[in-house]
>>> print(open('run15.csv').read())   # CSV, C-alpha atoms
chain,number,residue,atom,x,y,z
A,1,MET,CA,86.1,112.2,106.3
A,2,ALA,CA,85.9,115.9,106.4
A,3,THR,CA,88.7,117.9,104.6
A,4,THR,CA,89.7,121.5,105.0
A,5,GLN,CA,92.0,123.6,102.7
A,6,VAL,CA,95.0,125.2,104.4
A,7,SER,CA,98.5,126.2,103.5
A,8,LEU,CA,101.4,124.0,104.5
A,9,ASP,CA,102.8,126.8,106.7
A,10,GLU,CA,99.5,127.2,108.5
A,11,TYR,CA,99.3,123.4,109.0
A,12,LEU,CA,102.8,123.3,110.5
A,13,ARG,CA,102.1,126.2,112.8
A,14,THR,CA,98.9,124.8,114.1
A,15,ASP,CA,98.2,122.1,116.8
A,16,TYR,CA,95.2,119.9,115.9
A,17,GLU,CA,93.4,117.7,118.4
A,18,PRO,CA,93.7,115.0,117.4
A,19,ASP,CA,96.5,115.7,114.9
A,20,CYS,CA,95.7,115.2,111.2
A,21,ASP,CA,97.5,114.6,107.9
A,22,TYR,CA,98.2,117.3,105.4
A,23,VAL,CA,97.7,116.0,101.8
A,24,ASP,CA,98.1,118.4,98.9
A,25,GLY,CA,96.5,121.4,100.7
A,26,GLU,CA,93.8,119.5,102.6
A,27,LEU,CA,93.6,118.4,106.2
A,28,GLU,CA,92.7,114.7,106.5
A,29,GLU,CA,91.3,113.4,109.7
A,30,ARG,CA,92.8,110.1,111.0
A,31,ASN,CA,90.7,107.3,112.6
A,32,LEU,CA,91.8,106.6,116.1
A,33,GLY,CA,90.5,106.4,119.6
A,34,GLU,CA,89.1,102.9,119.8
A,35,GLN,CA,90.5,100.8,122.6
A,36,GLU,CA,91.9,98.1,120.3
A,37,HIS,CA,93.8,100.8,118.4
A,38,SER,CA,95.2,102.3,121.6
A,39,LEU,CA,96.2,99.0,123.1
A,40,THR,CA,98.0,97.9,120.0
A,41,GLN,CA,99.9,101.1,119.9
A,42,ALA,CA,100.8,100.7,123.5
A,43,PHE,CA,102.1,97.2,123.0
A,44,PHE,CA,104.5,98.3,120.3
A,45,ILE,CA,105.7,101.3,122.3
A,46,LYS,CA,106.4,99.1,125.3
A,47,TRP,CA,108.0,96.4,123.3
A,48,LEU,CA,110.3,98.7,121.5
A,49,ALA,CA,111.1,100.6,124.8
A,50,LYS,CA,112.1,97.2,126.4
A,51,HIS,CA,114.6,96.6,123.6
A,52,GLU,CA,115.7,100.3,123.1
A,53,ASP,CA,119.3,99.8,124.4
A,54,ASP,CA,119.9,96.7,122.4
A,55,TRP,CA,118.4,97.8,119.1
A,56,LYS,CA,119.3,101.5,119.4
A,57,LEU,CA,115.8,102.4,118.3
A,58,GLU,CA,112.9,104.1,119.9
A,59,ALA,CA,109.1,104.3,119.2
A,60,CYS,CA,107.7,107.8,118.6
A,61,PRO,CA,103.9,107.8,118.5
A,62,GLU,CA,101.8,110.3,116.5
A,63,ILE,CA,104.8,112.1,114.9
A,64,ARG,CA,104.6,114.4,111.9
A,65,MET,CA,106.6,113.4,108.9
A,66,ARG,CA,107.2,115.4,105.7
A,67,VAL,CA,106.7,112.5,103.2
A,68,SER,CA,106.9,114.7,100.1
A,69,ARG,CA,106.8,118.4,99.2
A,70,GLY,CA,103.0,118.8,99.7
A,71,ARG,CA,102.3,116.0,102.2
A,72,VAL,CA,102.8,115.5,105.9
A,73,ARG,CA,101.7,112.3,107.5
A,74,VAL,CA,101.2,111.5,111.1
A,75,ALA,CA,102.3,108.0,111.7
A,76,ASP,CA,100.8,105.9,114.5
A,77,ILE,CA,104.3,104.9,115.4
A,78,ALA,CA,107.6,105.9,113.8
A,79,VAL,CA,110.6,103.7,114.7
A,80,LEU,CA,113.6,106.0,114.9
A,81,PRO,CA,117.3,105.6,115.6
A,82,LEU,CA,118.1,106.7,119.2
A,83,HIS,CA,120.9,109.0,118.1
A,84,ARG,CA,119.7,111.3,115.3
A,85,PRO,CA,119.6,114.9,114.5
A,86,PHE,CA,116.6,116.8,115.9
A,87,GLU,CA,113.8,117.6,113.5
A,88,THR,CA,110.5,119.3,114.5
A,89,VAL,CA,108.8,117.6,111.6
A,90,LEU,CA,110.7,114.5,110.4
A,91,ALA,CA,112.2,114.8,107.0
A,92,THR,CA,114.6,111.9,107.4
A,93,PRO,CA,112.9,108.6,106.8
A,94,PRO,CA,112.3,106.5,110.0
A,95,VAL,CA,113.7,103.0,110.2
A,96,ALA,CA,110.1,101.7,110.2
A,97,ILE,CA,106.4,102.8,110.4
A,98,ILE,CA,103.7,100.9,112.2
A,99,GLU,CA,100.1,101.9,111.3
A,100,VAL,CA,97.2,100.4,113.3
A,101,LEU,CA,93.9,100.0,111.5
A,102,SER,CA,90.7,101.2,113.1
A,103,PRO,CA,87.3,99.7,112.2
A,104,GLU,CA,86.5,102.7,109.9
A,105,ASP,CA,89.8,102.5,108.0
A,106,ARG,CA,89.7,101.6,104.3
A,107,VAL,CA,92.4,99.7,102.5
A,108,SER,CA,92.6,102.2,99.7
A,109,ARG,CA,93.4,105.0,102.2
A,110,TYR,CA,96.2,102.9,103.6
A,111,GLN,CA,97.6,102.1,100.2
A,112,GLN,CA,98.0,105.9,99.8
A,113,ARG,CA,99.7,106.2,103.2
A,114,ARG,CA,101.9,103.2,102.4
A,115,ASP,CA,102.9,104.7,99.1
A,116,ASP,CA,103.8,108.0,100.7
A,117,TYR,CA,106.0,106.3,103.3
A,118,ARG,CA,107.7,104.3,100.6
A,119,SER,CA,108.3,107.3,98.4
A,120,MET,CA,109.8,109.1,101.5
A,121,GLY,CA,112.3,106.2,101.7
A,122,VAL,CA,110.9,104.3,104.7
A,123,ALA,CA,112.3,100.7,104.4
A,124,ASN,CA,109.9,99.0,106.7
A,125,VAL,CA,106.1,99.7,106.5
A,126,TRP,CA,103.8,97.6,108.6
A,127,VAL,CA,100.0,97.7,108.9
A,128,ILE,CA,98.4,96.0,111.9
A,129,ASP,CA,94.7,95.0,112.0
A,130,PRO,CA,94.0,94.2,115.7
A,131,MET,CA,90.3,93.4,115.1
A,132,ARG,CA,91.2,90.6,112.6
A,133,HIS,CA,94.5,89.6,114.3
A,134,LYS,CA,96.4,90.3,111.1
A,135,ALA,CA,99.6,92.1,110.3
A,136,PHE,CA,101.0,93.0,106.9
A,137,ASP,CA,104.4,93.9,105.7
A,138,CYS,CA,103.8,96.6,103.1
A,139,SER,CA,107.5,97.5,102.6
A,140,GLN,CA,107.6,96.2,99.0
A,141,GLY,CA,104.3,97.7,98.0
A,142,GLY,CA,102.0,94.7,98.5
A,143,TRP,CA,100.2,93.5,101.6
A,144,GLN,CA,102.3,90.5,102.7
A,145,PRO,CA,100.8,88.8,105.7
A,146,VAL,CA,103.4,88.2,108.5
A,147,SER,CA,103.5,86.5,111.9
A,148,LYS,CA,106.2,88.8,113.3
A,149,LEU,CA,107.8,92.1,112.4
A,150,LEU,CA,111.4,91.9,111.3
A,151,ILE,CA,114.0,94.5,110.2
A,152,ALA,CA,116.5,92.9,107.8
A,153,ASN,CA,120.1,92.8,108.9
A,154,SER,CA,119.3,93.7,112.5
A,155,LEU,CA,118.3,92.0,115.8
A,156,VAL,CA,114.8,93.6,115.6
A,157,GLU,CA,112.0,91.0,115.9
A,158,VAL,CA,108.6,91.7,117.2
A,159,PRO,CA,106.3,88.7,117.7
A,160,LEU,CA,102.6,89.4,117.1
A,161,ASP,CA,100.8,86.8,119.2
A,162,PRO,CA,101.2,89.0,122.3
A,163,VAL,CA,99.6,91.9,120.4
A,164,TRP,CA,96.3,90.1,120.1
A,165,LYS,CA,96.2,89.0,123.8
A,166,LYS,CA,95.0,92.2,125.4
A,167,PRO,CA,92.2,93.0,123.0
A,168,ASP,CA,91.1,89.3,123.3
A,169,GLU,CA,90.9,89.7,127.1
A,170,LEU,CA,88.7,92.7,126.7
A,171,HIS,CA,86.2,90.8,124.6
A,172,SER,CA,86.1,87.7,126.7
>>> encode(input="run15.csv", output="structure tokens")
Amino acid sequence: MATTQVSLDEYLRTDYEPDCDYVDGELEERNLGEQEHSLTQAFFIKWLAKHEDDWKLEACPEIRMRVSRGRVRVADIAVLPLHRPFETVLATPPVAIIEVLSPEDRVSRYQQRRDDYRSMGVANVWVIDPMRHKAFDCSQGGWQPVSKLLIANSLVEVPLDPVWKKPDELHS
């Protein structure tokens, strides 16, 4: 991945296509664009939208979050309370983060992202691997395989079997 040195102010004033992370003065490209990645993101956005009124949460794709003083991450999906103060760049931890792996992604890179989200105070960090039909709860620091996404002490439950259906149809 190519990196470029810029100031935080310049990063925050600039629109990048596609958007990129800001990590300690460097721009980091993000892997995205594959159909499995896009379909997986779409599933979670639709699922959360379907339950928005009941759960009082909404899915915000590709949103910048100030995870620490020198880092801004762009989450695949941030799950946010419906009623919250407006922030151009999120500084308040989301309820959950959903990251979708692309074929080029490396686990070590995602461990760094996971650690950044956890240090920000995000309680629920999930990584989805649509190519291998695997999902991981990384909220406690490890990679715990899960069959559904749950938020403790809430009604939020997202089954994963439907996530794999659409990509499977594409490959059959």
>>> residues_around(input="run15.csv", residues="A:Leu90", least_positions_apart="2", cutoff="8 Å", atoms="only C-alpha atoms", output="ChimeraX atom specification")
/A:63-66,87-88,92-93
>>> closest_residue(input="run15.csv", among="A:Asp21, A:Val89, A:Ile98, A:Gln35", to="A:Ala59", atoms="all atoms listed in the file")
A:Ile98
>>> closest_residue(input="run15.csv", among="A:Cys138, A:Val74, A:Ala42, A:Ile97", to="A:Pro162", atoms="all atoms listed in the file")
A:Ala42
>>> closest_residue(input="run15.csv", among="A:Ser7, A:Ser139, A:Gln144, A:Ser154", to="A:Asp115", atoms="only C-alpha atoms")
A:Ser139
>>> residues_around(input="run15.csv", residues="A:Gln112", least_positions_apart="2", cutoff="12 Å", atoms="only C-alpha atoms", output="ChimeraX atom specification")
/A:21,23,67,71,73,106-110,114-119,138,141-142
>>> atom_distance(input="run15.csv", atom1="atom CA of A:Glu62", atom2="atom CA of A:Asp76")
4.9 Å
>>> atom_distance(input="run15.csv", atom1="atom CA of A:Thr40", atom2="atom CA of A:Val100")
7.2 Å
>>> atom_distance(input="run15.csv", atom1="atom CA of A:Ala96", atom2="atom CA of A:Leu57")
9.9 Å
>>> residues_around(input="run15.csv", residues="A:Glu10", least_positions_apart="3", cutoff="12 Å", atoms="only C-alpha atoms", output="NGL selection string")
:A and (4-7 or 13-16 or 22 or 25-27)
>>> closest_residue(input="run15.csv", among="A:Asp24, A:Asp129, A:Asp137, A:Glu99", to="A:Glu36", atoms="only C-alpha atoms")
A:Asp129
>>> closest_residue(input="run15.csv", among="A:Pro103, A:Pro159, A:Pro94, A:Pro145", to="A:Val122", atoms="only C-alpha atoms")
A:Pro94
>>> residues_near_point(input="run15.csv", point="(116.5, 101.3, 120.7)", cutoff="10 Å", atoms="all atoms listed in the file", output="JSON, numbers by chain")
{"A": [48, 49, 50, 51, 52, 53, 54, 55, 56, 57, 58, 59, 79, 80, 81, 82, 83, 156]}
>>> closest_residue(input="run15.csv", among="A:Leu12, A:Val95, A:Leu101, A:Ala123", to="A:Val72", atoms="all atoms listed in the file")
A:Leu12
>>> build_atoms(input="run15.csv", residues="stretch 57-83 of chain A", atoms="N, CA and C atoms", output="JSON list (two decimals), in the frame of the given file")
[["chain", "number", "residue", "atom", "x", "y", "z"],
["A", 57, "LEU", "N", 116.98, 101.84, 118.92],
["A", 57, "LEU", "CA", 115.80, 102.40, 118.30],
["A", 57, "LEU", "C", 114.79, 102.80, 119.32],
["A", 58, "GLU", "N", 113.93, 103.76, 118.96],
["A", 58, "GLU", "CA", 112.90, 104.10, 119.90],
["A", 58, "GLU", "C", 111.55, 104.34, 119.08],
["A", 59, "ALA", "N", 110.46, 104.13, 119.78],
["A", 59, "ALA", "CA", 109.10, 104.30, 119.20],
["A", 59, "ALA", "C", 108.65, 105.71, 119.46],
["A", 60, "CYS", "N", 108.24, 106.42, 118.43],
["A", 60, "CYS", "CA", 107.70, 107.80, 118.60],
["A", 60, "CYS", "C", 106.27, 107.77, 118.02],
["A", 61, "PRO", "N", 105.27, 107.80, 118.91],
["A", 61, "PRO", "CA", 103.90, 107.80, 118.50],
["A", 61, "PRO", "C", 103.44, 109.15, 117.95],
["A", 62, "GLU", "N", 102.53, 109.13, 116.99],
["A", 62, "GLU", "CA", 101.80, 110.30, 116.50],
["A", 62, "GLU", "C", 102.80, 111.46, 116.15],
["A", 63, "ILE", "N", 103.79, 111.16, 115.31],
["A", 63, "ILE", "CA", 104.80, 112.10, 114.90],
["A", 63, "ILE", "C", 104.58, 112.58, 113.48],
["A", 64, "ARG", "N", 104.70, 113.87, 113.24],
["A", 64, "ARG", "CA", 104.60, 114.40, 111.90],
["A", 64, "ARG", "C", 105.80, 114.11, 111.05],
["A", 65, "MET", "N", 105.56, 113.70, 109.80],
["A", 65, "MET", "CA", 106.60, 113.40, 108.90],
["A", 65, "MET", "C", 106.36, 114.04, 107.53],
["A", 66, "ARG", "N", 107.33, 114.75, 107.02],
["A", 66, "ARG", "CA", 107.20, 115.40, 105.70],
["A", 66, "ARG", "C", 107.54, 114.30, 104.66],
["A", 67, "VAL", "N", 106.53, 113.62, 104.12],
["A", 67, "VAL", "CA", 106.70, 112.50, 103.20],
["A", 67, "VAL", "C", 107.00, 112.94, 101.78],
["A", 68, "SER", "N", 106.59, 114.15, 101.44],
["A", 68, "SER", "CA", 106.90, 114.70, 100.10],
["A", 68, "SER", "C", 106.67, 116.24, 100.25],
["A", 69, "ARG", "N", 106.88, 116.94, 99.15],
["A", 69, "ARG", "CA", 106.80, 118.40, 99.20],
["A", 69, "ARG", "C", 105.45, 118.92, 99.69],
["A", 70, "GLY", "N", 104.37, 118.28, 99.29],
["A", 70, "GLY", "CA", 103.00, 118.80, 99.70],
["A", 70, "GLY", "C", 102.30, 117.85, 100.62],
["A", 71, "ARG", "N", 103.02, 116.95, 101.31],
["A", 71, "ARG", "CA", 102.30, 116.00, 102.20],
["A", 71, "ARG", "C", 103.07, 115.83, 103.51],
["A", 72, "VAL", "N", 102.27, 115.85, 104.58],
["A", 72, "VAL", "CA", 102.80, 115.50, 105.90],
["A", 72, "VAL", "C", 101.85, 114.45, 106.46],
["A", 73, "ARG", "N", 102.44, 113.34, 106.86],
["A", 73, "ARG", "CA", 101.70, 112.30, 107.50],
["A", 73, "ARG", "C", 101.98, 112.18, 108.95],
["A", 74, "VAL", "N", 100.99, 111.78, 109.72],
["A", 74, "VAL", "CA", 101.20, 111.50, 111.10],
["A", 74, "VAL", "C", 101.09, 110.02, 111.34],
["A", 75, "ALA", "N", 102.23, 109.42, 111.57],
["A", 75, "ALA", "CA", 102.30, 108.00, 111.70],
["A", 75, "ALA", "C", 101.79, 107.56, 113.10],
["A", 76, "ASP", "N", 101.13, 106.41, 113.18],
["A", 76, "ASP", "CA", 100.80, 105.90, 114.50],
["A", 76, "ASP", "C", 102.04, 105.70, 115.32],
["A", 77, "ILE", "N", 103.03, 105.03, 114.74],
["A", 77, "ILE", "CA", 104.30, 104.90, 115.40],
["A", 77, "ILE", "C", 105.42, 104.94, 114.34],
["A", 78, "ALA", "N", 106.38, 105.81, 114.59],
["A", 78, "ALA", "CA", 107.60, 105.90, 113.80],
["A", 78, "ALA", "C", 108.71, 105.27, 114.62],
["A", 79, "VAL", "N", 109.46, 104.35, 114.04],
["A", 79, "VAL", "CA", 110.60, 103.70, 114.70],
["A", 79, "VAL", "C", 111.85, 104.48, 114.24],
["A", 80, "LEU", "N", 112.50, 105.14, 115.19],
["A", 80, "LEU", "CA", 113.60, 106.00, 114.90],
["A", 80, "LEU", "C", 114.91, 105.59, 115.56],
["A", 81, "PRO", "N", 116.05, 105.89, 114.94],
["A", 81, "PRO", "CA", 117.30, 105.60, 115.60],
["A", 81, "PRO", "C", 117.38, 106.47, 116.91],
["A", 82, "LEU", "N", 117.97, 105.91, 117.97],
["A", 82, "LEU", "CA", 118.10, 106.70, 119.20],
["A", 82, "LEU", "C", 118.93, 107.93, 119.03],
["A", 83, "HIS", "N", 119.99, 107.81, 118.30],
["A", 83, "HIS", "CA", 120.90, 109.00, 118.10],
["A", 83, "HIS", "C", 120.68, 109.49, 116.68]]
